[in-house]
file target-v7.pdb (PDB, C-alpha atoms)
ATOM      1  CA  MET A   1     -41.421  24.552  96.167
ATOM      2  CA  ASN A   2     -39.482  22.814  93.447
ATOM      3  CA  SER A   3     -37.712  24.324  90.464
ATOM      4  CA  VAL A   4     -40.651  23.648  88.136
ATOM      5  CA  GLN A   5     -43.016  25.695  90.321
ATOM      6  CA  ILE A   6     -40.445  28.484  90.654
ATOM      7  CA  ARG A   7     -40.009  28.697  86.887
ATOM      8  CA  SER A   8     -43.784  28.694  86.445
ATOM      9  CA  ALA A   9     -44.072  31.626  88.885
ATOM     10  CA  GLU A  10     -41.257  33.396  87.041
ATOM     11  CA  ARG A  11     -43.090  32.985  83.735
ATOM     12  CA  ALA A  12     -46.297  34.335  85.293
ATOM     13  CA  LEU A  13     -44.359  37.341  86.643
ATOM     14  CA  SER A  14     -42.797  37.993  83.265
ATOM     15  CA  VAL A  15     -46.108  37.754  81.386
ATOM     16  CA  GLY A  16     -47.900  40.005  83.909
ATOM     17  CA  THR A  17     -45.081  42.559  83.886
ATOM     18  CA  TRP A  18     -45.110  42.843  80.113
ATOM     19  CA  LEU A  19     -48.903  43.123  80.057
ATOM     20  CA  ILE A  20     -48.706  46.016  82.526
ATOM     21  CA  VAL A  21     -45.865  47.624  80.539
ATOM     22  CA  ALA A  22     -47.795  47.302  77.268
ATOM     23  CA  GLY A  23     -50.975  48.716  78.800
ATOM     24  CA  ALA A  24     -49.104  51.586  80.482
ATOM     25  CA  MET A  25     -47.291  52.420  77.208
ATOM     26  CA  LEU A  26     -50.540  52.456  75.247
ATOM     27  CA  TYR A  27     -52.309  54.528  77.906
ATOM     28  CA  SER A  28     -49.310  56.899  78.135
ATOM     29  CA  ILE A  29     -49.220  57.438  74.369
ATOM     30  CA  LEU A  30     -52.967  58.143  74.274
ATOM     31  CA  THR A  31     -52.721  60.546  77.241
ATOM     32  CA  VAL A  32     -49.487  62.406  76.452
ATOM     33  CA  THR A  33     -49.986  62.848  72.696
ATOM     34  CA  PRO A  34     -52.792  65.506  73.074
ATOM     35  CA  LEU A  35     -50.651  67.370  75.632
ATOM     36  CA  MET A  36     -47.656  67.376  73.289
ATOM     37  CA  ALA A  37     -49.847  68.425  70.362
ATOM     38  CA  ALA A  38     -51.199  71.377  72.389
ATOM     39  CA  HIS A  39     -47.655  72.589  73.189
ATOM     40  CA  THR A  40     -46.216  72.021  69.706
ATOM     41  CA  PRO A  41     -46.514  74.278  66.640
ATOM     42  CA  ASP A  42     -49.279  73.197  64.322
ATOM     43  CA  GLU A  43     -46.909  72.198  61.520
ATOM     44  CA  TRP A  44     -45.129  69.865  63.971
ATOM     45  CA  ASP A  45     -48.219  68.181  65.427
ATOM     46  CA  TRP A  46     -47.195  64.899  63.824
ATOM     47  CA  THR A  47     -44.215  64.730  66.239
ATOM     48  CA  ALA A  48     -46.503  64.655  69.287
ATOM     49  CA  PRO A  49     -46.333  60.796  69.812
ATOM     50  CA  ILE A  50     -42.511  60.685  69.611
ATOM     51  CA  LEU A  51     -41.805  61.781  73.183
ATOM     52  CA  PRO A  52     -44.086  59.258  74.910
ATOM     53  CA  LEU A  53     -42.689  56.541  72.621
ATOM     54  CA  VAL A  54     -39.110  57.460  73.568
ATOM     55  CA  VAL A  55     -39.901  57.482  77.273
ATOM     56  CA  ASP A  56     -41.793  54.197  77.046
ATOM     57  CA  ALA A  57     -38.946  52.664  75.022
ATOM     58  CA  ALA A  58     -36.608  53.567  77.879
ATOM     59  CA  VAL A  59     -39.056  51.848  80.239
ATOM     60  CA  VAL A  60     -38.981  48.697  78.056
ATOM     61  CA  ILE A  61     -35.176  48.694  78.052
ATOM     62  CA  VAL A  62     -35.039  49.095  81.836
ATOM     63  CA  VAL A  63     -37.583  46.313  82.473
ATOM     64  CA  ARG A  64     -35.940  43.917  80.002
ATOM     65  CA  LEU A  65     -32.378  44.433  81.168
ATOM     66  CA  ASP A  66     -33.386  44.305  84.815
ATOM     67  CA  ALA A  67     -35.058  40.948  84.151
ATOM     68  CA  VAL A  68     -31.898  39.587  82.476
ATOM     69  CA  LEU A  69     -29.590  40.866  85.244
ATOM     70  CA  ALA A  70     -31.887  39.508  87.936
ATOM     71  CA  ARG A  71     -32.002  36.127  86.180
ATOM     72  CA  LEU A  72     -28.216  36.025  86.035
ATOM     73  CA  GLY A  73     -27.894  37.192  89.631
ATOM     74  CA  GLY A  74     -25.986  40.357  88.632
ATOM     75  CA  HIS A  75     -26.332  44.068  89.509
ATOM     76  CA  GLY A  76     -25.857  46.924  87.047
ATOM     77  CA  GLY A  77     -24.946  49.577  89.639
ATOM     78  CA  GLY A  78     -26.507  53.029  90.129
ATOM     79  CA  TRP A  79     -27.175  54.041  86.530
ATOM     80  CA  PRO A  80     -29.870  51.420  85.906
ATOM     81  CA  VAL A  81     -31.586  52.566  89.134
ATOM     82  CA  ALA A  82     -31.361  56.197  88.020
ATOM     83  CA  LEU A  83     -32.717  55.343  84.551
ATOM     84  CA  ARG A  84     -35.544  53.303  86.032
ATOM     85  CA  TRP A  85     -36.666  56.077  88.396
ATOM     86  CA  MET A  86     -36.079  58.829  85.817
ATOM     87  CA  THR A  87     -38.253  57.106  83.197
ATOM     88  CA  GLY A  88     -40.876  56.355  85.828
ATOM     89  CA  CYS A  89     -40.972  59.970  86.972
ATOM     90  CA  MET A  90     -41.044  61.242  83.377
ATOM     91  CA  THR A  91     -43.942  58.951  82.532
ATOM     92  CA  LEU A  92     -45.775  60.047  85.687
ATOM     93  CA  ALA A  93     -45.143  63.756  84.970
ATOM     94  CA  LEU A  94     -46.224  63.532  81.345
ATOM     95  CA  ASN A  95     -49.406  61.628  82.208
ATOM     96  CA  VAL A  96     -50.589  64.018  84.959
ATOM     97  CA  ALA A  97     -49.277  67.268  83.415
ATOM     98  CA  ASP A  98     -52.417  68.113  81.449
ATOM     99  CA  SER A  99     -54.720  67.558  84.445
ATOM    100  CA  ALA A 100     -52.311  69.433  86.752
ATOM    101  CA  LEU A 101     -52.229  72.449  84.436
ATOM    102  CA  ARG A 102     -56.019  72.506  84.516
ATOM    103  CA  LYS A 103     -55.931  72.010  88.326
ATOM    104  CA  ASP A 104     -58.006  68.836  87.942
ATOM    105  CA  LEU A 105     -57.030  66.766  90.987
ATOM    106  CA  VAL A 106     -59.245  63.852  90.002
ATOM    107  CA  GLY A 107     -57.648  63.787  86.550
ATOM    108  CA  VAL A 108     -54.202  63.887  88.193
ATOM    109  CA  ALA A 109     -55.130  60.903  90.375
ATOM    110  CA  VAL A 110     -56.652  58.970  87.485
ATOM    111  CA  HIS A 111     -53.743  59.600  85.108
ATOM    112  CA  ALA A 112     -51.218  58.784  87.838
ATOM    113  CA  VAL A 113     -52.518  55.198  88.215
ATOM    114  CA  ALA A 114     -50.829  53.706  85.136
ATOM    115  CA  PRO A 115     -47.374  55.350  85.664
ATOM    116  CA  LEU A 116     -47.337  54.532  89.394
ATOM    117  CA  LEU A 117     -48.422  50.976  88.667
ATOM    118  CA  LEU A 118     -45.632  50.696  86.077
ATOM    119  CA  ILE A 119     -43.020  52.085  88.523
ATOM    120  CA  VAL A 120     -44.106  49.827  91.392
ATOM    121  CA  THR A 121     -44.408  46.790  89.074
ATOM    122  CA  ALA A 122     -40.868  47.359  87.753
ATOM    123  CA  GLU A 123     -39.431  47.595  91.272
ATOM    124  CA  THR A 124     -41.532  44.714  92.553
ATOM    125  CA  GLY A 125     -40.745  42.553  89.518
ATOM    126  CA  LEU A 126     -37.037  43.234  90.018
ATOM    127  CA  ALA A 127     -37.312  42.258  93.682
ATOM    128  CA  TYR A 128     -39.305  39.156  92.765
ATOM    129  CA  ARG A 129     -36.788  38.137  90.119
ATOM    130  CA  ARG A 130     -33.882  38.597  92.487
ATOM    131  CA  ALA A 131     -35.702  36.564  95.113
ATOM    132  CA  ILE A 132     -36.516  33.860  92.546
ATOM    133  CA  THR A 133     -32.912  33.870  91.337
ATOM    134  CA  ALA A 134     -31.698  33.591  94.927
ATOM    135  CA  ALA A 135     -34.134  30.726  95.526
ATOM    136  CA  LEU A 136     -33.038  28.955  92.358
ATOM    137  CA  THR A 137     -29.393  29.529  93.284
ATOM    138  CA  ALA A 138     -30.030  28.153  96.760
ATOM    139  CA  GLN A 139     -31.861  25.162  95.311
ATOM    140  CA  GLU A 140     -29.087  24.613  92.802
ATOM    141  CA  ALA A 141     -26.495  24.875  95.585
ATOM    142  CA  GLN A 142     -28.537  22.477  97.710
ATOM    143  CA  ARG A 143     -28.937  20.132  94.746
ATOM    144  CA  ARG A 144     -25.215  20.265  94.077
ATOM    145  CA  ALA A 145     -24.485  19.697  97.759
ATOM    146  CA  GLU A 146     -26.864  16.732  97.789
ATOM    147  CA  GLN A 147     -25.347  15.486  94.529
ATOM    148  CA  ALA A 148     -21.861  15.867  96.023
ATOM    149  CA  GLU A 149     -23.029  14.054  99.160
ATOM    150  CA  ARG A 150     -24.564  11.275  97.085
ATOM    151  CA  GLU A 151     -21.419  11.042  94.979
ATOM    152  CA  ARG A 152     -19.302  10.939  98.141
ATOM    153  CA  GLU A 153     -21.505   8.215  99.623
ATOM    154  CA  ALA A 154     -21.489   6.374  96.303
ATOM    155  CA  ARG A 155     -17.691   6.709  96.149
ATOM    156  CA  GLU A 156     -17.368   5.437  99.707
ATOM    157  CA  ARG A 157     -19.728   2.561  98.948
ATOM    158  CA  ARG A 158     -17.825   1.836  95.748
ATOM    159  CA  GLU A 159     -14.501   1.914  97.598
ATOM    160  CA  ALA A 160     -15.944  -0.319 100.311
ATOM    161  CA  ASP A 161     -17.332  -2.671  97.617
ATOM    162  CA  GLU A 162     -14.011  -2.661  95.812
ATOM    163  CA  ARG A 163     -12.149  -3.321  99.076
ATOM    164  CA  ARG A 164     -14.563  -6.117  99.949
ATOM    165  CA  ALA A 165     -14.360  -7.478  96.401
ATOM    166  CA  ARG A 166     -10.551  -7.318  96.530
ATOM    167  CA  GLU A 167     -10.520  -9.174  99.847
ATOM    168  CA  GLU A 168     -12.964 -11.733  98.483
ATOM    169  CA  ARG A 169     -10.902 -12.040  95.316
ATOM    170  CA  GLU A 170      -7.701 -12.521  97.290
ATOM    171  CA  HIS A 171      -9.415 -15.092  99.483
ATOM    172  CA  ALA A 172     -10.828 -16.792  96.391
ATOM    173  CA  GLU A 173      -7.380 -16.761  94.783
ATOM    174  CA  VAL A 174      -5.857 -18.383  97.880
ATOM    175  CA  GLN A 175      -8.600 -21.015  97.887
ATOM    176  CA  ALA A 176      -8.259 -21.491  94.126
ATOM    177  CA  ARG A 177      -4.484 -21.896  94.444
ATOM    178  CA  GLU A 178      -4.901 -24.446  97.220
ATOM    179  CA  GLN A 179      -7.615 -26.182  95.195
ATOM    180  CA  ARG A 180      -5.377 -26.230  92.109
ATOM    181  CA  GLU A 181      -2.477 -27.662  94.128
ATOM    182  CA  HIS A 182      -4.766 -30.310  95.597
ATOM    183  CA  GLU A 183      -6.226 -31.097  92.164
ATOM    184  CA  ALA A 184      -2.733 -31.190  90.665
ATOM    185  CA  ARG A 185      -1.623 -33.666  93.333
ATOM    186  CA  LEU A 186      -4.707 -35.792  92.754
ATOM    187  CA  ALA A 187      -4.150 -35.533  89.005
ATOM    188  CA  ARG A 188      -0.531 -36.693  89.360
ATOM    189  CA  GLU A 189      -1.590 -39.641  91.490
ATOM    190  CA  GLN A 190      -4.381 -40.440  89.056
ATOM    191  CA  ALA A 191      -1.976 -40.134  86.127
ATOM    192  CA  GLU A 192       0.484 -42.487  87.827
ATOM    193  CA  ARG A 193      -2.279 -45.013  88.463
ATOM    194  CA  GLU A 194      -3.555 -44.656  84.900
ATOM    195  CA  GLU A 195      -0.028 -45.041  83.540
ATOM    196  CA  ALA A 196       0.491 -48.227  85.565
ATOM    197  CA  ALA A 197      -2.898 -49.509  84.382
ATOM    198  CA  ARG A 198      -2.074 -48.600  80.768
ATOM    199  CA  ARG A 199       1.298 -50.302  81.054
ATOM    200  CA  ALA A 200      -0.309 -53.474  82.426
ATOM    201  CA  GLU A 201      -3.034 -53.292  79.791
ATOM    202  CA  ARG A 202      -0.441 -52.716  77.080
ATOM    203  CA  GLU A 203       1.515 -55.781  78.224
ATOM    204  CA  GLN A 204      -1.676 -57.845  78.285
ATOM    205  CA  THR A 205      -2.617 -56.511  74.865
ATOM    206  CA  GLU A 206       0.816 -57.321  73.453
ATOM    207  CA  ALA A 207       0.633 -60.832  74.907
ATOM    208  CA  ARG A 208      -2.866 -61.315  73.540
ATOM    209  CA  GLU A 209      -1.862 -59.946  70.122
ATOM    210  CA  ARG A 210       1.194 -62.209  70.084
ATOM    211  CA  ALA A 211      -0.969 -65.228  70.934
ATOM    212  CA  GLU A 212      -3.556 -64.194  68.337
ATOM    213  CA  ARG A 213      -0.811 -63.677  65.748
ATOM    214  CA  GLU A 214       0.646 -67.131  66.434
ATOM    215  CA  ALA A 215      -2.826 -68.701  66.306
ATOM    216  CA  ARG A 216      -3.553 -66.801  63.094
ATOM    217  CA  GLU A 217      -0.279 -67.946  61.537
ATOM    218  CA  ARG A 218      -1.031 -71.508  62.592
ATOM    219  CA  ARG A 219      -4.538 -71.306  61.140
ATOM    220  CA  GLU A 220      -3.066 -69.742  58.001
ATOM    221  CA  ARG A 221      -0.628 -72.629  57.621
ATOM    222  CA  GLU A 222      -3.403 -75.145  58.190
ATOM    223  CA  ARG A 223      -5.611 -73.312  55.724
ATOM    224  CA  GLU A 224      -2.835 -73.256  53.124
ATOM    225  CA  GLN A 225      -2.200 -76.937  53.686
ATOM    226  CA  GLN A 226      -5.926 -77.660  53.339
ATOM    227  CA  GLN A 227      -6.020 -75.465  50.242
ATOM    228  CA  ARG A 228      -3.161 -77.366  48.671
ATOM    229  CA  GLU A 229      -4.778 -80.692  49.566
ATOM    230  CA  ARG A 230      -8.122 -79.481  48.163
ATOM    231  CA  GLU A 231      -6.421 -78.297  44.958
ATOM    232  CA  ARG A 232      -4.650 -81.649  44.625
ATOM    233  CA  LEU A 233      -7.925 -83.512  45.094
ATOM    234  CA  GLU A 234      -9.636 -81.173  42.622
ATOM    235  CA  ARG A 235      -6.861 -81.727  40.087
ATOM    236  CA  GLU A 236      -7.131 -85.508  40.519
ATOM    237  CA  ALA A 237     -10.909 -85.345  40.231
ATOM    238  CA  ALA A 238     -10.600 -83.113  37.147
ATOM    239  CA  GLN A 239      -8.126 -85.578  35.642
ATOM    240  CA  ARG A 240     -10.498 -88.447  36.375
ATOM    241  CA  ARG A 241     -13.428 -86.534  34.889
ATOM    242  CA  GLU A 242     -11.350 -85.677  31.825
ATOM    243  CA  ALA A 243     -10.297 -89.341  31.433
ATOM    244  CA  GLU A 244     -13.908 -90.451  31.834
ATOM    245  CA  ARG A 245     -15.029 -87.815  29.317
ATOM    246  CA  LEU A 246     -12.418 -88.897  26.818
ATOM    247  CA  GLU A 247     -13.395 -92.494  27.374
ATOM    248  CA  ARG A 248     -17.077 -91.658  26.903
ATOM    249  CA  GLU A 249     -16.298 -89.685  23.747
ATOM    250  CA  ALA A 250     -14.220 -92.552  22.423
ATOM    251  CA  ALA A 251     -17.039 -95.009  23.232
ATOM    252  CA  ALA A 252     -19.540 -92.649  21.612
ATOM    253  CA  ARG A 253     -17.327 -92.346  18.528
ATOM    254  CA  ARG A 254     -16.988 -96.115  18.356
ATOM    255  CA  GLU A 255     -20.734 -96.555  18.803
ATOM    256  CA  ARG A 256     -21.434 -93.857  16.222
ATOM    257  CA  ALA A 257     -18.972 -95.458  13.823
ATOM    258  CA  GLU A 258     -20.625 -98.824  14.356
ATOM    259  CA  ARG A 259     -24.071 -97.295  13.791
ATOM    260  CA  GLU A 260     -22.874 -95.530  10.684
ATOM    261  CA  GLU A 261     -21.255 -98.724   9.488
ATOM    262  CA  ARG A 262     -24.468-100.718  10.074
ATOM    263  CA  ALA A 263     -26.487 -97.963   8.411
ATOM    264  CA  ALA A 264     -24.083 -97.945   5.470
ATOM    265  CA  ARG A 265     -24.379-101.740   5.145
ATOM    266  CA  GLU A 266     -28.168-101.475   5.381
ATOM    267  CA  ARG A 267     -28.194 -98.689   2.757
ATOM    268  CA  ALA A 268     -25.898-100.698   0.557
ATOM    269  CA  ALA A 269     -28.163-103.712   0.954
ATOM    270  CA  LEU A 270     -31.204-101.583   0.110
ATOM    271  CA  LEU A 271     -29.521 -99.985  -2.914
ATOM    272  CA  SER A 272     -27.897-103.169  -4.190
ATOM    273  CA  GLY A 273     -31.076-104.518  -5.765
ATOM    274  CA  GLY A 274     -30.878-102.307  -8.856
ATOM    275  CA  PRO A 275     -33.813-100.864 -10.858
ATOM    276  CA  VAL A 276     -37.149-102.632 -10.586
ATOM    277  CA  LYS A 277     -40.193-102.708 -12.809
ATOM    278  CA  GLU A 278     -42.835-102.928 -10.122
ATOM    279  CA  LYS A 279     -43.499-100.796  -7.061
ATOM    280  CA  ARG A 280     -41.946-102.003  -3.910
ATOM    281  CA  PRO A 281     -44.093-101.945  -0.762
ATOM    282  CA  GLU A 282     -44.374 -98.451   0.653
ATOM    283  CA  ASP A 283     -42.369 -99.234   3.781
ATOM    284  CA  ARG A 284     -39.655-100.833   1.708
ATOM    285  CA  ALA A 285     -39.860 -97.994  -0.791
ATOM    286  CA  ARG A 286     -39.481 -95.421   1.991
ATOM    287  CA  GLN A 287     -36.393 -97.226   3.334
ATOM    288  CA  ILE A 288     -34.865 -97.274  -0.178
ATOM    289  CA  VAL A 289     -35.625 -93.547  -0.674
ATOM    290  CA  ALA A 290     -34.096 -92.730   2.735
ATOM    291  CA  ALA A 291     -30.969 -94.739   1.843
ATOM    292  CA  ALA A 292     -30.723 -93.062  -1.566
ATOM    293  CA  PHE A 293     -31.141 -89.595   0.050
ATOM    294  CA  ALA A 294     -28.422 -90.428   2.589
ATOM    295  CA  GLU A 295     -26.070 -91.589  -0.200
ATOM    296  CA  GLY A 296     -26.890 -88.483  -2.269
ATOM    297  CA  LEU A 297     -28.425 -90.307  -5.185
ATOM    298  CA  PRO A 298     -30.563 -88.364  -7.633
ATOM    299  CA  VAL A 299     -34.370 -88.530  -7.344
ATOM    300  CA  ARG A 300     -34.668 -90.482 -10.606
ATOM    301  CA  SER A 301     -32.219 -93.190  -9.442
ATOM    302  CA  ALA A 302     -34.147 -93.529  -6.174
ATOM    303  CA  ALA A 303     -37.406 -93.789  -8.182
ATOM    304  CA  GLU A 304     -35.887 -96.574 -10.330
ATOM    305  CA  LEU A 305     -34.716 -98.490  -7.235
ATOM    306  CA  CYS A 306     -38.084 -98.361  -5.398
ATOM    307  CA  GLY A 307     -40.400 -98.480  -8.473
ATOM    308  CA  TRP A 308     -42.394 -95.401  -7.387
ATOM    309  CA  SER A 309     -42.918 -92.168  -9.292
ATOM    310  CA  VAL A 310     -40.451 -89.339  -9.407
ATOM    311  CA  GLY A 311     -43.004 -86.970  -7.758
ATOM    312  CA  TRP A 312     -43.522 -89.266  -4.848
ATOM    313  CA  VAL A 313     -39.775 -89.695  -4.372
ATOM    314  CA  SER A 314     -39.308 -85.907  -4.646
ATOM    315  CA  THR A 315     -41.863 -85.409  -1.863
ATOM    316  CA  ARG A 316     -39.963 -87.910   0.330
ATOM    317  CA  TYR A 317     -36.670 -86.142  -0.466
ATOM    318  CA  GLN A 318     -38.227 -82.839   0.569
ATOM    319  CA  GLU A 319     -39.415 -84.401   3.858
ATOM    320  CA  HIS A 320     -35.878 -85.663   4.529
ATOM    321  CA  ARG A 321     -34.462 -82.228   3.717
ATOM    322  CA  ASP A 322     -36.909 -80.574   6.142
ATOM    323  CA  THR A 323     -36.083 -83.104   8.834
ATOM    324  CA  THR A 324     -32.325 -82.593   8.303
ATOM    325  CA  ALA A 325     -32.710 -78.769   8.412
ATOM    326  CA  GLY A 326     -34.759 -79.011  11.658
ATOM    327  CA  ARG A 327     -32.083 -81.153  13.276
ATOM    328  CA  MET A 328     -29.397 -78.702  12.215
ATOM    329  CA  LEU A 329     -31.372 -75.771  13.704
ATOM    330  CA  GLU A 330     -31.901 -77.702  16.962
ATOM    331  CA  GLY A 331     -28.187 -78.489  17.099
ATOM    332  CA  ALA A 332     -27.271 -74.846  16.473
ATOM    333  CA  ALA A 333     -29.734 -73.703  19.178
ATOM    334  CA  SER A 334     -28.409 -76.227  21.669
TER     335      SER A 334
END
call {"tool": "encode", "arguments": {"input": "target-v7.pdb", "output": "structure tokens"}}
result
Amino acid sequence: MNSVQIRSAERALSVGTWLIVAGAMLYSILTVTPLMAAHTPDEWDWTAPILPLVVDAAVVIVVRLDAVLARLGGHGGGWPVALRWMTGCMTLALNVADSALRKDLVGVAVHAVAPLLLIVTAETGLAYRRAITAALTAQEAQRRAEQAEREREARERREADERRAREEREHAEVQAREQREHEARLAREQAEREEAARRAEREQTEARERAEREARERREREREQQQRERERLEREAAQRREAERLEREAAARRERAEREERAARERAALLSGGPVKEKRPEDRARQIVAAAFAEGLPVRSAAELCGWSVGWVSTRYQEHRDTTAGRMLEGAAS
């Protein structure tokens, strides 16, 4: 039986005991009160229930304290035993007194049931509680012993695990130290090889950089020489182009001067005829008007030289002005 079942039985015992105590108290009060009322003066009849209540209260105290002491595994000595039996006997005597005085043996037997049941239940409940307490104590002791045994085994296992772990750790440390020494030796050898390789590579790199620097300087000198030669050729070409441009401009100025001179002679020839009475041919008149416009002559003078009307000459002047303005705009745009 486990502790849960024991506690369940203890609760059942407690509930049953208190039911019996409550029933016995109620039955005792109902039985003893008429007896006390018959042996009490009439003016004090109201005190009849006090005695059974006092006795039953003593019973409650005995049952309750016995339950507590039994649960704690203690013993109150002789006085609790005396109180328990005294209250039981008093309850029994009070319950059967009325029937005994009337020499009613059946009534004595009937009224003795509840007090005897209460007395036996109190003693039995006390024995049960002590037995339950002893069982719980034994189970607790067994549980503690098992717990101590488990803790001891766990401690031994833990110590064995720690010892094994320490040995494994020491072995691992030895292997790790040897591995580190081996790796350090390999690392030194590797570092020496890498240093030799770096030194050789550095020498090759320096030689290559020196060769590249010399080749770069040589290319730079060649490029500078080519640049100077190209600049000299460009300067000579620019000088030639400038000379050619100046020569072309001079030729153009000479040609323009010759054209202007021929045009001036032609205009002079056209304007040298003086005023006329008759109209010149239109082509000839147009040439005269153009020459007069170019020389800045007034419209009337041009009309006198070509023989045409002033209106016609004014129209030709306006055409020449428009043409001159258009050429000026084209020149400004270009």
call {"tool": "atom_distance", "arguments": {"input": "target-v7.pdb", "atom1": "atom CA of A:Ala93", "atom2": "atom CA of A:Val21"}}
result
16.7 Å
call {"tool": "atom_distance", "arguments": {"input": "target-v7.pdb", "atom1": "atom CA of A:Phe293", "atom2": "atom CA of A:Gly326"}}
result
16.1 Å
call {"tool": "resolve_selection", "arguments": {"input": "target-v7.pdb", "expression": "the PyMOL selection byres ((chain A and resi 92) around 12)", "output": "number ranges by chain"}}
result
A: 24-25, 27-28, 31-32, 52, 55-56, 59, 85-91, 93-100, 108-120
call {"tool": "write_last_selection", "arguments": {"input": "target-v7.pdb", "atoms": "C-alpha atoms", "output": "PDB file, in the coordinates of the input"}}
result
ATOM      1  CA  ALA A  24     -49.104  51.586  80.482  1.00  0.00           C
ATOM      2  CA  MET A  25     -47.291  52.420  77.208  1.00  0.00           C
ATOM      3  CA  TYR A  27     -52.309  54.528  77.906  1.00  0.00           C
ATOM      4  CA  SER A  28     -49.310  56.899  78.135  1.00  0.00           C
ATOM      5  CA  THR A  31     -52.721  60.546  77.241  1.00  0.00           C
ATOM      6  CA  VAL A  32     -49.487  62.406  76.452  1.00  0.00           C
ATOM      7  CA  PRO A  52     -44.086  59.258  74.910  1.00  0.00           C
ATOM      8  CA  VAL A  55     -39.901  57.482  77.273  1.00  0.00           C
ATOM      9  CA  ASP A  56     -41.793  54.197  77.046  1.00  0.00           C
ATOM     10  CA  VAL A  59     -39.056  51.848  80.239  1.00  0.00           C
ATOM     11  CA  TRP A  85     -36.666  56.077  88.396  1.00  0.00           C
ATOM     12  CA  MET A  86     -36.079  58.829  85.817  1.00  0.00           C
ATOM     13  CA  THR A  87     -38.253  57.106  83.197  1.00  0.00           C
ATOM     14  CA  GLY A  88     -40.876  56.355  85.828  1.00  0.00           C
ATOM     15  CA  CYS A  89     -40.972  59.970  86.972  1.00  0.00           C
ATOM     16  CA  MET A  90     -41.044  61.242  83.377  1.00  0.00           C
ATOM     17  CA  THR A  91     -43.942  58.951  82.532  1.00  0.00           C
ATOM     18  CA  ALA A  93     -45.143  63.756  84.970  1.00  0.00           C
ATOM     19  CA  LEU A  94     -46.224  63.532  81.345  1.00  0.00           C
ATOM     20  CA  ASN A  95     -49.406  61.628  82.208  1.00  0.00           C
ATOM     21  CA  VAL A  96     -50.589  64.018  84.959  1.00  0.00           C
ATOM     22  CA  ALA A  97     -49.277  67.268  83.415  1.00  0.00           C
ATOM     23  CA  ASP A  98     -52.417  68.113  81.449  1.00  0.00           C
ATOM     24  CA  SER A  99     -54.720  67.558  84.445  1.00  0.00           C
ATOM     25  CA  ALA A 100     -52.311  69.433  86.752  1.00  0.00           C
ATOM     26  CA  VAL A 108     -54.202  63.887  88.193  1.00  0.00           C
ATOM     27  CA  ALA A 109     -55.130  60.903  90.375  1.00  0.00           C
ATOM     28  CA  VAL A 110     -56.652  58.970  87.485  1.00  0.00           C
ATOM     29  CA  HIS A 111     -53.743  59.600  85.108  1.00  0.00           C
ATOM     30  CA  ALA A 112     -51.218  58.784  87.838  1.00  0.00           C
ATOM     31  CA  VAL A 113     -52.518  55.198  88.215  1.00  0.00           C
ATOM     32  CA  ALA A 114     -50.829  53.706  85.136  1.00  0.00           C
ATOM     33  CA  PRO A 115     -47.374  55.350  85.664  1.00  0.00           C
ATOM     34  CA  LEU A 116     -47.337  54.532  89.394  1.00  0.00           C
ATOM     35  CA  LEU A 117     -48.422  50.976  88.667  1.00  0.00           C
ATOM     36  CA  LEU A 118     -45.632  50.696  86.077  1.00  0.00           C
ATOM     37  CA  ILE A 119     -43.020  52.085  88.523  1.00  0.00           C
ATOM     38  CA  VAL A 120     -44.106  49.827  91.392  1.00  0.00           C
TER      39      VAL A 120
END
call {"tool": "axis_aligned_box", "arguments": {"input": "target-v7.pdb", "around": "stretch 86-95 of chain A", "padding_each_side": "6 Å", "output": "AutoDock Vina command-line options"}}
result
--center_x -42.7 --center_y 60.1 --center_z 84.2 --size_x 25.3 --size_y 19.4 --size_z 17.6
call {"tool": "atom_distance", "arguments": {"input": "target-v7.pdb", "atom1": "atom CA of A:Thr137", "atom2": "atom CA of A:Glu151"}}
result
20.2 Å
call {"tool": "closest_residue", "arguments": {"input": "target-v7.pdb", "among": "A:Tyr317, A:Ala82, A:Ala238, A:Glu278", "to": "A:Leu297", "atoms": "all atoms listed in the file"}}
result
A:Tyr317
call {"tool": "resolve_selection", "arguments": {"input": "target-v7.pdb", "expression": "the PyMOL selection byres ((chain A and resi 279-281) around 10)", "output": "number ranges by chain"}}
result
A: 276-278, 282-288, 303-309
call {"tool": "write_last_selection", "arguments": {"input": "target-v7.pdb", "atoms": "C-alpha atoms", "output": "tab-separated table (two decimals), in the frame of the given file"}}
result
chain	number	residue	atom	x	y	z
A	276	VAL	CA	-37.15	-102.63	-10.59
A	277	LYS	CA	-40.19	-102.71	-12.81
A	278	GLU	CA	-42.84	-102.93	-10.12
A	282	GLU	CA	-44.37	-98.45	0.65
A	283	ASP	CA	-42.37	-99.23	3.78
A	284	ARG	CA	-39.66	-100.83	1.71
A	285	ALA	CA	-39.86	-97.99	-0.79
A	286	ARG	CA	-39.48	-95.42	1.99
A	287	GLN	CA	-36.39	-97.23	3.33
A	288	ILE	CA	-34.86	-97.27	-0.18
A	303	ALA	CA	-37.41	-93.79	-8.18
A	304	GLU	CA	-35.89	-96.57	-10.33
A	305	LEU	CA	-34.72	-98.49	-7.24
A	306	CYS	CA	-38.08	-98.36	-5.40
A	307	GLY	CA	-40.40	-98.48	-8.47
A	308	TRP	CA	-42.39	-95.40	-7.39
A	309	SER	CA	-42.92	-92.17	-9.29
call {"tool": "residues_around", "arguments": {"input": "target-v7.pdb", "residues": "A:Glu319", "least_positions_apart": "6", "cutoff": "10 Å", "atoms": "only C-alpha atoms", "output": "VMD selection string"}}
result
chain A and resid 290 313 325
call {"tool": "residues_around", "arguments": {"input": "target-v7.pdb", "residues": "A:Arg321", "least_positions_apart": "6", "cutoff": "12 Å", "atoms": "only C-alpha atoms", "output": "list in words"}}
result
Ala290, Phe293, Ala294, Gly296, Ser314, Thr315, Arg327 and Met328 of chain A
